[in-house]
Amino acid sequence: MIQLVEVGKTFKSYGLSGSLRFDIQETFLELLKKERVVFFMVEGNAVPFFLEDRCDPGEGFLEFDDIHDPESAKLLSHVAFYMDGNRMGEELNVDDSSELEDDIRGFYFFDEQSKQKGKVMGVEDFPGQILILVAIKGKEYYVPLREEWISELDFEKKSLKMRLPNGMFE
């Protein structure tokens with residue numbers, strides 16, 4: 001089963017061939033160059049899009065096999081894109097996150113922006129980034145654990161409050 005990890009966001013299309021400008025977390029750029037596939041949420045489903053052979057993500061643009069015009073690219077612009085977390089397995093360093101996982105697993109989670117409430121189910125340490133696995137209303141989400149997004153971490157109350165960017169739980 002695919003384990004989606006949000007790794008970046010697309011911006012507006014560029015040129016006449018349907019290229020998309022994008023931003024990706026630096027730790028995932030090399031993996032994108034190697035794997036050459038990303039997922040977009042389309043009508044609630046994860047749909048894979050494969051990079052064209054000539055596409056070099058290091059140049060700041062994504063070009064997909066099935067997207068060849070600006071109108072088609074527009075459907076994938078200004079949204080988050082994902083990669084399969086299972087493909088990142090060999091790059092994980094479990095030892096780095098195990099102490100933190102023991103500390104915050106089971107914590108109450110609250111996002112001040114979306115008002116979503118849930119429970120921290122686990123912690124995964126990806127190269128350069130720690131993600132927490134949060135269960136909200138029967139669904140699980142990976143959330144980057146960035147210091148600037150943490151509003152409050154209370155070990156006595158076992159709670160983690162964050163202020164996440166819009167659209168994290170869509």
# chains A, B, ... in the order shown; residues from 1 in each chain; ligands from 1
>>> residues_around(residues="Val37 (chain A)", least_positions_apart="4", cutoff="9 Å", atoms="only C-alpha atoms", output="PyMOL selection string")
chain A and resi 32-33+48-51+64+83-84
>>> write_last_selection(atoms="N, CA and C atoms", output="compact mmCIF listing (two decimals), in the first residue's frame")
# COMPACT_ATOMS: atom_id res chain seq x y z
N LEU A 32 13.34 12.41 -5.96
CA LEU A 32 12.49 12.69 -7.11
C LEU A 32 13.25 12.45 -8.41
N LYS A 33 14.50 12.86 -8.46
CA LYS A 33 15.31 12.62 -9.66
C LYS A 33 15.45 11.13 -9.94
N PRO A 48 -0.80 8.71 -9.77
CA PRO A 48 0.61 8.89 -10.10
C PRO A 48 0.79 9.65 -11.42
N PHE A 49 1.81 10.50 -11.45
CA PHE A 49 2.20 11.21 -12.66
C PHE A 49 3.70 10.99 -12.82
N PHE A 50 4.09 10.53 -14.01
CA PHE A 50 5.47 10.17 -14.28
C PHE A 50 6.18 11.30 -15.02
N LEU A 51 7.40 11.60 -14.60
CA LEU A 51 8.18 12.64 -15.25
C LEU A 51 8.63 12.19 -16.63
N PHE A 64 5.43 16.24 -17.26
CA PHE A 64 4.86 14.90 -17.10
C PHE A 64 4.55 14.26 -18.45
N MET A 83 5.05 11.85 -2.58
CA MET A 83 5.83 10.70 -3.03
C MET A 83 5.49 9.53 -2.12
N ASP A 84 5.85 8.34 -2.57
CA ASP A 84 5.56 7.13 -1.80
C ASP A 84 6.60 6.98 -0.68
>>> closest_residue(among="A:Val7, A:Ile24, A:Val42, A:Leu164", to="Trp149 (chain A)", atoms="only C-alpha atoms")
A:Leu164
>>> closest_residue(among="A:Leu20, A:Gly118, A:Glu152, A:Glu124", to="Asn86 (chain A)", atoms="only C-alpha atoms")
A:Glu124
>>> closest_residue(among="A:Asp56, A:Glu140, A:Glu63, A:Asp23", to="Gly8 (chain A)", atoms="only C-alpha atoms")
A:Asp23
>>> residues_around(residues="Arg21 (chain A)", least_positions_apart="2", cutoff="10 Å", atoms="only C-alpha atoms", output="JSON, numbers by chain")
{"A": [9, 10, 11, 12, 13, 14, 18, 19, 23, 57, 59, 60, 61, 62, 63, 77, 78]}
>>> select_by_dssp(residues="region 13-165 of chain A", states="alpha helix (DSSP H)", output="list in words")
Glu26, Thr27, Phe28, Leu29, Glu30, Leu31, Leu32, Lys33, Lys34, Glu35, Pro70, Glu71, Ser72, Ala73, Lys74, Val94, Asp95, Asp96, Ser97, Ser98, Glu99, Leu100, Glu101, Asp102, Asp103 and Ile104 of chain A
>>> closest_residue(among="A:Arg54, A:Lys115, A:Arg87, A:Lys74", to="Glu35 (chain A)", atoms="only C-alpha atoms")
A:Arg87
>>> residues_around(residues="Phe107 (chain A)", least_positions_apart="3", cutoff="8 Å", atoms="only C-alpha atoms", output="NGL selection string")
:A and (104 or 119-120 or 158-160)
>>> select_by_dssp(residues="chain A", states="strand (DSSP E or B)", output="tab-separated table (two decimals) with N, CA, C and O atoms, in the first residue's frame")
chain	number	residue	atom	x	y	z
A	4	LEU	N	1.65	7.96	1.37
A	4	LEU	CA	1.92	9.27	0.80
A	4	LEU	C	2.61	10.19	1.79
A	4	LEU	O	2.19	10.30	2.94
A	5	VAL	N	3.65	10.87	1.30
A	5	VAL	CA	4.35	11.88	2.08
A	5	VAL	C	4.37	13.14	1.23
A	5	VAL	O	4.83	13.13	0.08
A	6	GLU	N	3.85	14.23	1.79
A	6	GLU	CA	3.87	15.49	1.06
A	6	GLU	C	5.30	15.99	0.97
A	6	GLU	O	5.99	16.11	1.98
A	7	VAL	N	5.75	16.25	-0.26
A	7	VAL	CA	7.14	16.66	-0.46
A	7	VAL	C	7.28	18.03	-1.11
A	7	VAL	O	8.36	18.61	-1.11
A	8	GLY	N	6.19	18.56	-1.69
A	8	GLY	CA	6.32	19.84	-2.36
A	8	GLY	C	4.99	20.39	-2.82
A	8	GLY	O	3.92	19.86	-2.50
A	9	LYS	N	5.09	21.48	-3.59
A	9	LYS	CA	3.90	22.16	-4.11
A	9	LYS	C	4.20	22.68	-5.50
A	9	LYS	O	5.31	23.11	-5.79
A	10	THR	N	3.19	22.62	-6.37
A	10	THR	CA	3.33	23.17	-7.71
A	10	THR	C	2.84	24.61	-7.73
A	10	THR	O	2.07	25.03	-6.87
A	11	PHE	N	3.29	25.33	-8.74
A	11	PHE	CA	2.83	26.70	-8.96
A	11	PHE	C	2.24	26.78	-10.36
A	11	PHE	O	1.89	25.75	-10.91
A	12	LYS	N	2.19	27.94	-10.96
A	12	LYS	CA	1.54	28.06	-12.26
A	12	LYS	C	2.34	27.37	-13.37
A	12	LYS	O	3.53	27.15	-13.24
A	13	SER	N	1.63	27.06	-14.45
A	13	SER	CA	2.28	26.41	-15.58
A	13	SER	C	3.18	27.41	-16.29
A	13	SER	O	3.02	28.62	-16.18
A	14	TYR	N	4.14	26.87	-17.02
A	14	TYR	CA	5.15	27.69	-17.68
A	14	TYR	C	5.30	27.20	-19.12
A	14	TYR	O	5.46	26.00	-19.36
A	19	SER	N	4.71	22.61	-18.72
A	19	SER	CA	5.65	22.52	-17.60
A	19	SER	C	5.07	23.24	-16.40
A	19	SER	O	4.32	24.20	-16.53
A	20	LEU	N	5.42	22.76	-15.22
A	20	LEU	CA	4.97	23.38	-13.97
A	20	LEU	C	6.16	23.80	-13.14
A	20	LEU	O	7.09	23.01	-12.93
A	21	ARG	N	6.12	25.03	-12.65
A	21	ARG	CA	7.11	25.45	-11.66
A	21	ARG	C	6.73	24.74	-10.36
A	21	ARG	O	5.56	24.47	-10.12
A	22	PHE	N	7.74	24.46	-9.52
A	22	PHE	CA	7.43	23.76	-8.29
A	22	PHE	C	8.44	24.09	-7.21
A	22	PHE	O	9.52	24.63	-7.47
A	23	ASP	N	8.07	23.75	-6.00
A	23	ASP	CA	8.97	23.86	-4.85
A	23	ASP	C	8.93	22.51	-4.16
A	23	ASP	O	7.85	21.93	-3.99
A	24	ILE	N	10.09	22.00	-3.81
A	24	ILE	CA	10.18	20.71	-3.14
A	24	ILE	C	11.11	20.85	-1.95
A	24	ILE	O	12.07	21.63	-2.00
A	37	VAL	N	8.49	9.84	-10.20
A	37	VAL	CA	7.04	9.77	-10.12
A	37	VAL	C	6.59	10.53	-8.88
A	37	VAL	O	7.23	10.49	-7.85
A	38	VAL	N	5.49	11.28	-9.05
A	38	VAL	CA	4.86	11.96	-7.92
A	38	VAL	C	3.37	11.66	-7.97
A	38	VAL	O	2.84	11.20	-9.00
A	39	PHE	N	2.70	11.90	-6.88
A	39	PHE	CA	1.27	11.66	-6.79
A	39	PHE	C	0.56	12.97	-6.51
A	39	PHE	O	1.04	13.80	-5.74
A	40	PHE	N	-0.59	13.14	-7.15
A	40	PHE	CA	-1.47	14.26	-6.89
A	40	PHE	C	-2.80	13.69	-6.41
A	40	PHE	O	-3.21	12.61	-6.84
A	41	MET	N	-3.47	14.42	-5.54
A	41	MET	CA	-4.79	14.02	-5.10
A	41	MET	C	-5.79	14.53	-6.14
A	41	MET	O	-5.90	15.73	-6.36
A	42	VAL	N	-6.47	13.62	-6.80
A	42	VAL	CA	-7.46	13.95	-7.81
A	42	VAL	C	-8.78	13.31	-7.38
A	42	VAL	O	-8.88	12.09	-7.29
A	45	ASN	N	-8.41	10.75	-4.67
A	45	ASN	CA	-7.58	9.57	-4.93
A	45	ASN	C	-6.15	9.99	-5.29
A	45	ASN	O	-5.95	10.99	-5.98
A	46	ALA	N	-5.18	9.21	-4.85
A	46	ALA	CA	-3.78	9.46	-5.20
A	46	ALA	C	-3.53	8.94	-6.61
A	46	ALA	O	-3.67	7.75	-6.88
A	47	VAL	N	-3.18	9.85	-7.51
A	47	VAL	CA	-2.96	9.49	-8.91
A	47	VAL	C	-1.48	9.73	-9.24
A	47	VAL	O	-0.98	10.83	-9.02
A	48	PRO	N	-0.80	8.71	-9.77
A	48	PRO	CA	0.61	8.89	-10.10
A	48	PRO	C	0.79	9.65	-11.42
A	48	PRO	O	0.03	9.46	-12.37
A	49	PHE	N	1.81	10.50	-11.45
A	49	PHE	CA	2.20	11.21	-12.66
A	49	PHE	C	3.70	10.99	-12.82
A	49	PHE	O	4.48	11.23	-11.91
A	50	PHE	N	4.09	10.53	-14.01
A	50	PHE	CA	5.47	10.17	-14.28
A	50	PHE	C	6.18	11.30	-15.02
A	50	PHE	O	5.62	11.87	-15.97
A	51	LEU	N	7.40	11.60	-14.60
A	51	LEU	CA	8.18	12.64	-15.25
A	51	LEU	C	8.63	12.19	-16.63
A	51	LEU	O	8.96	11.02	-16.82
A	61	PHE	N	11.48	22.83	-12.85
A	61	PHE	CA	10.24	22.58	-13.58
A	61	PHE	C	9.93	21.09	-13.59
A	61	PHE	O	10.83	20.26	-13.62
A	62	LEU	N	8.64	20.77	-13.59
A	62	LEU	CA	8.19	19.39	-13.75
A	62	LEU	C	7.50	19.28	-15.10
A	62	LEU	O	6.69	20.14	-15.47
A	64	PHE	N	5.43	16.24	-17.26
A	64	PHE	CA	4.86	14.90	-17.10
A	64	PHE	C	4.55	14.26	-18.45
A	64	PHE	O	4.22	14.95	-19.42
A	80	ALA	N	-0.42	20.64	-3.54
A	80	ALA	CA	0.64	19.81	-2.99
A	80	ALA	C	0.82	18.56	-3.84
A	80	ALA	O	-0.12	18.10	-4.47
A	81	PHE	N	2.04	18.04	-3.86
A	81	PHE	CA	2.26	16.74	-4.48
A	81	PHE	C	3.03	15.86	-3.49
A	81	PHE	O	3.61	16.33	-2.53
A	82	TYR	N	2.94	14.56	-3.74
A	82	TYR	CA	3.39	13.57	-2.78
A	82	TYR	C	4.31	12.55	-3.43
A	82	TYR	O	4.30	12.39	-4.65
A	83	MET	N	5.05	11.85	-2.58
A	83	MET	CA	5.83	10.70	-3.03
A	83	MET	C	5.49	9.53	-2.12
A	83	MET	O	4.93	9.72	-1.04
A	84	ASP	N	5.85	8.34	-2.57
A	84	ASP	CA	5.56	7.13	-1.80
A	84	ASP	C	6.60	6.98	-0.68
A	84	ASP	O	7.77	6.76	-0.95
A	108	TYR	N	-2.22	14.23	22.29
A	108	TYR	CA	-3.37	14.89	21.67
A	108	TYR	C	-2.80	15.90	20.68
A	108	TYR	O	-1.86	16.63	20.97
A	109	PHE	N	-3.36	15.94	19.47
A	109	PHE	CA	-2.90	16.84	18.42
A	109	PHE	C	-4.01	17.82	18.07
A	109	PHE	O	-5.18	17.45	17.96
A	110	PHE	N	-3.65	19.10	17.90
A	110	PHE	CA	-4.62	20.11	17.50
A	110	PHE	C	-3.94	21.10	16.55
A	110	PHE	O	-2.86	21.62	16.83
A	111	ASP	N	-4.59	21.34	15.40
A	111	ASP	CA	-4.11	22.34	14.44
A	111	ASP	C	-4.97	23.58	14.58
A	111	ASP	O	-6.18	23.53	14.34
A	117	LYS	N	-8.53	17.95	15.07
A	117	LYS	CA	-8.06	17.32	16.31
A	117	LYS	C	-7.74	15.86	16.03
A	117	LYS	O	-8.41	15.23	15.21
A	118	GLY	N	-6.74	15.35	16.70
A	118	GLY	CA	-6.40	13.95	16.51
A	118	GLY	C	-5.42	13.46	17.54
A	118	GLY	O	-5.27	14.06	18.61
A	119	LYS	N	-4.72	12.39	17.17
A	119	LYS	CA	-3.78	11.75	18.07
A	119	LYS	C	-2.49	11.44	17.32
A	119	LYS	O	-2.53	10.98	16.17
A	120	VAL	N	-1.34	11.70	17.94
A	120	VAL	CA	-0.05	11.39	17.34
A	120	VAL	C	0.16	9.88	17.45
A	120	VAL	O	0.18	9.33	18.55
A	121	MET	N	0.27	9.21	16.30
A	121	MET	CA	0.40	7.75	16.27
A	121	MET	C	1.86	7.30	16.17
A	121	MET	O	2.17	6.16	16.51
A	122	GLY	N	2.73	8.18	15.68
A	122	GLY	CA	4.12	7.80	15.54
A	122	GLY	C	4.95	8.93	14.96
A	122	GLY	O	4.44	9.99	14.64
A	123	VAL	N	6.25	8.67	14.86
A	123	VAL	CA	7.20	9.65	14.35
A	123	VAL	C	8.11	8.93	13.37
A	123	VAL	O	8.56	7.82	13.63
A	124	GLU	N	8.37	9.58	12.23
A	124	GLU	CA	9.29	9.02	11.25
A	124	GLU	C	10.32	10.08	10.88
A	124	GLU	O	9.96	11.22	10.65
A	125	ASP	N	11.55	9.67	10.84
A	125	ASP	CA	12.66	10.58	10.56
A	125	ASP	C	13.13	10.36	9.14
A	125	ASP	O	13.77	9.35	8.83
A	126	PHE	N	12.79	11.30	8.25
A	126	PHE	CA	13.27	11.26	6.88
A	126	PHE	C	14.50	12.15	6.80
A	126	PHE	O	14.70	13.00	7.67
A	129	GLN	N	14.21	15.86	7.80
A	129	GLN	CA	12.86	16.22	8.23
A	129	GLN	C	12.24	15.13	9.07
A	129	GLN	O	12.35	13.96	8.76
A	130	ILE	N	11.59	15.54	10.13
A	130	ILE	CA	10.85	14.60	10.97
A	130	ILE	C	9.37	14.78	10.67
A	130	ILE	O	8.86	15.90	10.63
A	131	LEU	N	8.67	13.68	10.42
A	131	LEU	CA	7.24	13.70	10.18
A	131	LEU	C	6.54	12.98	11.32
A	131	LEU	O	7.03	11.95	11.80
A	132	ILE	N	5.40	13.53	11.74
A	132	ILE	CA	4.59	12.82	12.72
A	132	ILE	C	3.39	12.24	11.99
A	132	ILE	O	2.89	12.82	11.04
A	133	LEU	N	2.99	11.06	12.41
A	133	LEU	CA	1.81	10.41	11.85
A	133	LEU	C	0.65	10.73	12.78
A	133	LEU	O	0.69	10.41	13.97
A	134	VAL	N	-0.36	11.42	12.24
A	134	VAL	CA	-1.48	11.88	13.04
A	134	VAL	C	-2.76	11.21	12.55
A	134	VAL	O	-3.02	11.21	11.34
A	135	ALA	N	-3.54	10.65	13.47
A	135	ALA	CA	-4.84	10.06	13.13
A	135	ALA	C	-5.92	11.09	13.43
A	135	ALA	O	-6.02	11.59	14.56
A	136	ILE	N	-6.71	11.41	12.40
A	136	ILE	CA	-7.80	12.37	12.53
A	136	ILE	C	-9.03	11.77	11.87
A	136	ILE	O	-9.01	11.48	10.68
A	139	LYS	N	-8.61	8.76	9.59
A	139	LYS	CA	-7.61	8.84	8.52
A	139	LYS	C	-6.26	9.19	9.15
A	139	LYS	O	-6.21	9.83	10.20
A	140	GLU	N	-5.19	8.78	8.48
A	140	GLU	CA	-3.86	9.09	8.95
A	140	GLU	C	-3.18	10.07	8.00
A	140	GLU	O	-3.31	9.94	6.78
A	141	TYR	N	-2.46	11.03	8.58
A	141	TYR	CA	-1.78	12.06	7.81
A	141	TYR	C	-0.35	12.19	8.31
A	141	TYR	O	-0.09	12.08	9.51
A	142	TYR	N	0.56	12.45	7.39
A	142	TYR	CA	1.93	12.80	7.77
A	142	TYR	C	2.03	14.31	7.83
A	142	TYR	O	1.63	15.01	6.90
A	143	VAL	N	2.56	14.80	8.94
A	143	VAL	CA	2.69	16.23	9.16
A	143	VAL	C	4.16	16.54	9.45
A	143	VAL	O	4.74	15.93	10.36
A	144	PRO	N	4.76	17.46	8.70
A	144	PRO	CA	6.15	17.83	9.01
A	144	PRO	C	6.22	18.47	10.40
A	144	PRO	O	5.42	19.34	10.74
A	150	ILE	N	5.07	24.76	15.42
A	150	ILE	CA	4.64	24.30	16.74
A	150	ILE	C	4.25	25.50	17.59
A	150	ILE	O	5.07	26.39	17.83
A	151	SER	N	3.00	25.52	18.04
A	151	SER	CA	2.52	26.59	18.91
A	151	SER	C	2.78	26.24	20.38
A	151	SER	O	3.14	27.11	21.17
A	152	GLU	N	2.54	24.97	20.70
A	152	GLU	CA	2.69	24.54	22.09
A	152	GLU	C	2.95	23.04	22.14
A	152	GLU	O	2.27	22.26	21.48
A	153	LEU	N	3.94	22.66	22.92
A	153	LEU	CA	4.24	21.25	23.17
A	153	LEU	C	4.27	21.09	24.68
A	153	LEU	O	5.17	21.59	25.35
A	154	ASP	N	3.26	20.43	25.21
A	154	ASP	CA	3.10	20.29	26.67
A	154	ASP	C	3.20	18.82	27.05
A	154	ASP	O	2.29	18.04	26.78
A	159	SER	N	0.07	17.09	25.02
A	159	SER	CA	-0.60	17.73	23.89
A	159	SER	C	0.41	18.46	23.00
A	159	SER	O	1.43	18.95	23.47
A	160	LEU	N	0.08	18.47	21.71
A	160	LEU	CA	0.87	19.15	20.70
A	160	LEU	C	-0.07	20.04	19.90
A	160	LEU	O	-1.00	19.54	19.26
A	161	LYS	N	0.15	21.34	19.98
A	161	LYS	CA	-0.64	22.29	19.20
A	161	LYS	C	0.26	22.86	18.11
A	161	LYS	O	1.40	23.24	18.37
A	162	MET	N	-0.27	22.89	16.89
A	162	MET	CA	0.48	23.41	15.76
A	162	MET	C	-0.37	24.40	14.97
A	162	MET	O	-1.60	24.40	15.08
>>> atom_distance(atom1="CA of Asp65 (chain A)", atom2="CA of Ser17 (chain A)")
10.8 Å
>>> closest_residue(among="A:Gly58, A:Gln116, A:Thr27, A:Asn166", to="Met88 (chain A)", atoms="only C-alpha atoms")
A:Thr27
>>> residues_around(residues="Ser114 (chain A)", least_positions_apart="6", cutoff="9 Å", atoms="only C-alpha atoms", output="list in words")
Arg163, Leu164, Pro165, Asn166, Gly167, Met168 and Phe169 of chain A
>>> atom_distance(atom1="CA of Lys157 (chain A)", atom2="CA of Gln113 (chain A)")
20.6 Å
>>> closest_residue(among="A:Lys137, A:Glu30, A:Gly106, A:Gln3", to="Phe155 (chain A)", atoms="only C-alpha atoms")
A:Gly106
>>> decode(residues="region 34-142 of chain A", atoms="C-alpha atoms", output="PDB file, in the first residue's frame")
ATOM      1  CA  LYS A  34      15.718   8.898  -9.024  1.00  0.00           C
ATOM      2  CA  GLU A  35      12.080   7.750  -8.691  1.00  0.00           C
ATOM      3  CA  ARG A  36      10.621  10.102 -11.360  1.00  0.00           C
ATOM      4  CA  VAL A  37       7.036   9.766 -10.118  1.00  0.00           C
ATOM      5  CA  VAL A  38       4.855  11.964  -7.922  1.00  0.00           C
ATOM      6  CA  PHE A  39       1.267  11.663  -6.786  1.00  0.00           C
ATOM      7  CA  PHE A  40      -1.470  14.258  -6.885  1.00  0.00           C
ATOM      8  CA  MET A  41      -4.793  14.015  -5.103  1.00  0.00           C
ATOM      9  CA  VAL A  42      -7.464  13.946  -7.812  1.00  0.00           C
ATOM     10  CA  GLU A  43     -11.048  13.687  -6.584  1.00  0.00           C
ATOM     11  CA  GLY A  44      -9.797  12.212  -3.313  1.00  0.00           C
ATOM     12  CA  ASN A  45      -7.578   9.574  -4.927  1.00  0.00           C
ATOM     13  CA  ALA A  46      -3.781   9.456  -5.197  1.00  0.00           C
ATOM     14  CA  VAL A  47      -2.960   9.493  -8.912  1.00  0.00           C
ATOM     15  CA  PRO A  48       0.612   8.891 -10.103  1.00  0.00           C
ATOM     16  CA  PHE A  49       2.202  11.210 -12.660  1.00  0.00           C
ATOM     17  CA  PHE A  50       5.471  10.173 -14.276  1.00  0.00           C
ATOM     18  CA  LEU A  51       8.177  12.644 -15.252  1.00  0.00           C
ATOM     19  CA  GLU A  52       9.153  12.823 -18.902  1.00  0.00           C
ATOM     20  CA  ASP A  53      12.590  11.441 -19.692  1.00  0.00           C
ATOM     21  CA  ARG A  54      13.956  14.850 -20.647  1.00  0.00           C
ATOM     22  CA  CYS A  55      12.734  16.477 -17.405  1.00  0.00           C
ATOM     23  CA  ASP A  56      15.429  17.463 -14.885  1.00  0.00           C
ATOM     24  CA  PRO A  57      13.703  18.489 -11.619  1.00  0.00           C
ATOM     25  CA  GLY A  58      16.911  20.261 -10.585  1.00  0.00           C
ATOM     26  CA  GLU A  59      16.033  22.981 -13.104  1.00  0.00           C
ATOM     27  CA  GLY A  60      12.878  23.936 -11.183  1.00  0.00           C
ATOM     28  CA  PHE A  61      10.243  22.580 -13.578  1.00  0.00           C
ATOM     29  CA  LEU A  62       8.193  19.393 -13.752  1.00  0.00           C
ATOM     30  CA  GLU A  63       7.169  17.921 -17.105  1.00  0.00           C
ATOM     31  CA  PHE A  64       4.862  14.903 -17.104  1.00  0.00           C
ATOM     32  CA  ASP A  65       4.329  12.174 -19.693  1.00  0.00           C
ATOM     33  CA  ASP A  66       0.580  12.852 -19.971  1.00  0.00           C
ATOM     34  CA  ILE A  67       0.585  16.664 -19.716  1.00  0.00           C
ATOM     35  CA  HIS A  68       1.493  18.549 -22.897  1.00  0.00           C
ATOM     36  CA  ASP A  69      -0.369  21.858 -22.781  1.00  0.00           C
ATOM     37  CA  PRO A  70      -0.982  24.714 -20.310  1.00  0.00           C
ATOM     38  CA  GLU A  71      -4.672  23.869 -19.869  1.00  0.00           C
ATOM     39  CA  SER A  72      -3.933  20.328 -18.699  1.00  0.00           C
ATOM     40  CA  ALA A  73      -1.125  21.582 -16.454  1.00  0.00           C
ATOM     41  CA  LYS A  74      -3.478  24.112 -14.887  1.00  0.00           C
ATOM     42  CA  LEU A  75      -5.367  21.240 -13.213  1.00  0.00           C
ATOM     43  CA  LEU A  76      -2.189  20.334 -11.300  1.00  0.00           C
ATOM     44  CA  SER A  77      -1.079  23.863 -10.434  1.00  0.00           C
ATOM     45  CA  HIS A  78      -1.047  25.412  -6.964  1.00  0.00           C
ATOM     46  CA  VAL A  79      -1.461  22.090  -5.143  1.00  0.00           C
ATOM     47  CA  ALA A  80       0.642  19.811  -2.990  1.00  0.00           C
ATOM     48  CA  PHE A  81       2.263  16.740  -4.476  1.00  0.00           C
ATOM     49  CA  TYR A  82       3.388  13.568  -2.777  1.00  0.00           C
ATOM     50  CA  MET A  83       5.827  10.699  -3.033  1.00  0.00           C
ATOM     51  CA  ASP A  84       5.564   7.131  -1.799  1.00  0.00           C
ATOM     52  CA  GLY A  85       7.030   6.983   1.707  1.00  0.00           C
ATOM     53  CA  ASN A  86       7.647   3.260   1.280  1.00  0.00           C
ATOM     54  CA  ARG A  87      10.225   4.062  -1.411  1.00  0.00           C
ATOM     55  CA  MET A  88      12.096   6.197   1.119  1.00  0.00           C
ATOM     56  CA  GLY A  89      12.636   3.258   3.485  1.00  0.00           C
ATOM     57  CA  GLU A  90      16.329   2.743   2.816  1.00  0.00           C
ATOM     58  CA  GLU A  91      17.009   6.386   3.617  1.00  0.00           C
ATOM     59  CA  LEU A  92      15.281   6.376   6.995  1.00  0.00           C
ATOM     60  CA  ASN A  93      17.274   6.497  10.166  1.00  0.00           C
ATOM     61  CA  VAL A  94      14.944   5.043  12.782  1.00  0.00           C
ATOM     62  CA  ASP A  95      17.371   5.576  15.672  1.00  0.00           C
ATOM     63  CA  ASP A  96      17.098   9.365  15.377  1.00  0.00           C
ATOM     64  CA  SER A  97      13.320   9.417  15.800  1.00  0.00           C
ATOM     65  CA  SER A  98      12.875   6.612  18.331  1.00  0.00           C
ATOM     66  CA  GLU A  99      13.446   8.819  21.388  1.00  0.00           C
ATOM     67  CA  LEU A 100      11.078  11.511  20.124  1.00  0.00           C
ATOM     68  CA  GLU A 101       8.530   8.856  19.170  1.00  0.00           C
ATOM     69  CA  ASP A 102       8.585   7.479  22.719  1.00  0.00           C
ATOM     70  CA  ASP A 103       8.121  11.017  24.013  1.00  0.00           C
ATOM     71  CA  ILE A 104       5.125  12.173  21.920  1.00  0.00           C
ATOM     72  CA  ARG A 105       3.358   8.999  20.727  1.00  0.00           C
ATOM     73  CA  GLY A 106      -0.220   9.151  22.007  1.00  0.00           C
ATOM     74  CA  PHE A 107      -0.199  12.933  22.404  1.00  0.00           C
ATOM     75  CA  TYR A 108      -3.365  14.890  21.673  1.00  0.00           C
ATOM     76  CA  PHE A 109      -2.901  16.840  18.415  1.00  0.00           C
ATOM     77  CA  PHE A 110      -4.616  20.114  17.495  1.00  0.00           C
ATOM     78  CA  ASP A 111      -4.106  22.335  14.441  1.00  0.00           C
ATOM     79  CA  GLU A 112      -5.082  25.934  15.198  1.00  0.00           C
ATOM     80  CA  GLN A 113      -5.511  26.798  11.504  1.00  0.00           C
ATOM     81  CA  SER A 114      -7.886  24.030  10.394  1.00  0.00           C
ATOM     82  CA  LYS A 115      -9.250  23.212  13.900  1.00  0.00           C
ATOM     83  CA  GLN A 116      -8.495  19.516  13.228  1.00  0.00           C
ATOM     84  CA  LYS A 117      -8.059  17.321  16.311  1.00  0.00           C
ATOM     85  CA  GLY A 118      -6.396  13.951  16.505  1.00  0.00           C
ATOM     86  CA  LYS A 119      -3.778  11.751  18.073  1.00  0.00           C
ATOM     87  CA  VAL A 120      -0.050  11.386  17.344  1.00  0.00           C
ATOM     88  CA  MET A 121       0.401   7.753  16.266  1.00  0.00           C
ATOM     89  CA  GLY A 122       4.120   7.798  15.537  1.00  0.00           C
ATOM     90  CA  VAL A 123       7.201   9.653  14.352  1.00  0.00           C
ATOM     91  CA  GLU A 124       9.294   9.018  11.250  1.00  0.00           C
ATOM     92  CA  ASP A 125      12.656  10.579  10.562  1.00  0.00           C
ATOM     93  CA  PHE A 126      13.271  11.265   6.880  1.00  0.00           C
ATOM     94  CA  PRO A 127      16.520  12.835   5.699  1.00  0.00           C
ATOM     95  CA  GLY A 128      16.440  16.394   6.955  1.00  0.00           C
ATOM     96  CA  GLN A 129      12.865  16.222   8.227  1.00  0.00           C
ATOM     97  CA  ILE A 130      10.847  14.603  10.966  1.00  0.00           C
ATOM     98  CA  LEU A 131       7.241  13.698  10.178  1.00  0.00           C
ATOM     99  CA  ILE A 132       4.588  12.817  12.718  1.00  0.00           C
ATOM    100  CA  LEU A 133       1.812  10.407  11.853  1.00  0.00           C
ATOM    101  CA  VAL A 134      -1.482  11.877  13.045  1.00  0.00           C
ATOM    102  CA  ALA A 135      -4.836  10.063  13.134  1.00  0.00           C
ATOM    103  CA  ILE A 136      -7.804  12.372  12.530  1.00  0.00           C
ATOM    104  CA  LYS A 137     -11.347  11.070  12.111  1.00  0.00           C
ATOM    105  CA  GLY A 138     -10.209   7.611  11.032  1.00  0.00           C
ATOM    106  CA  LYS A 139      -7.614   8.843   8.524  1.00  0.00           C
ATOM    107  CA  GLU A 140      -3.859   9.089   8.955  1.00  0.00           C
ATOM    108  CA  TYR A 141      -1.779  12.062   7.813  1.00  0.00           C
ATOM    109  CA  TYR A 142       1.926  12.798   7.775  1.00  0.00           C
TER     110      TYR A 142
END
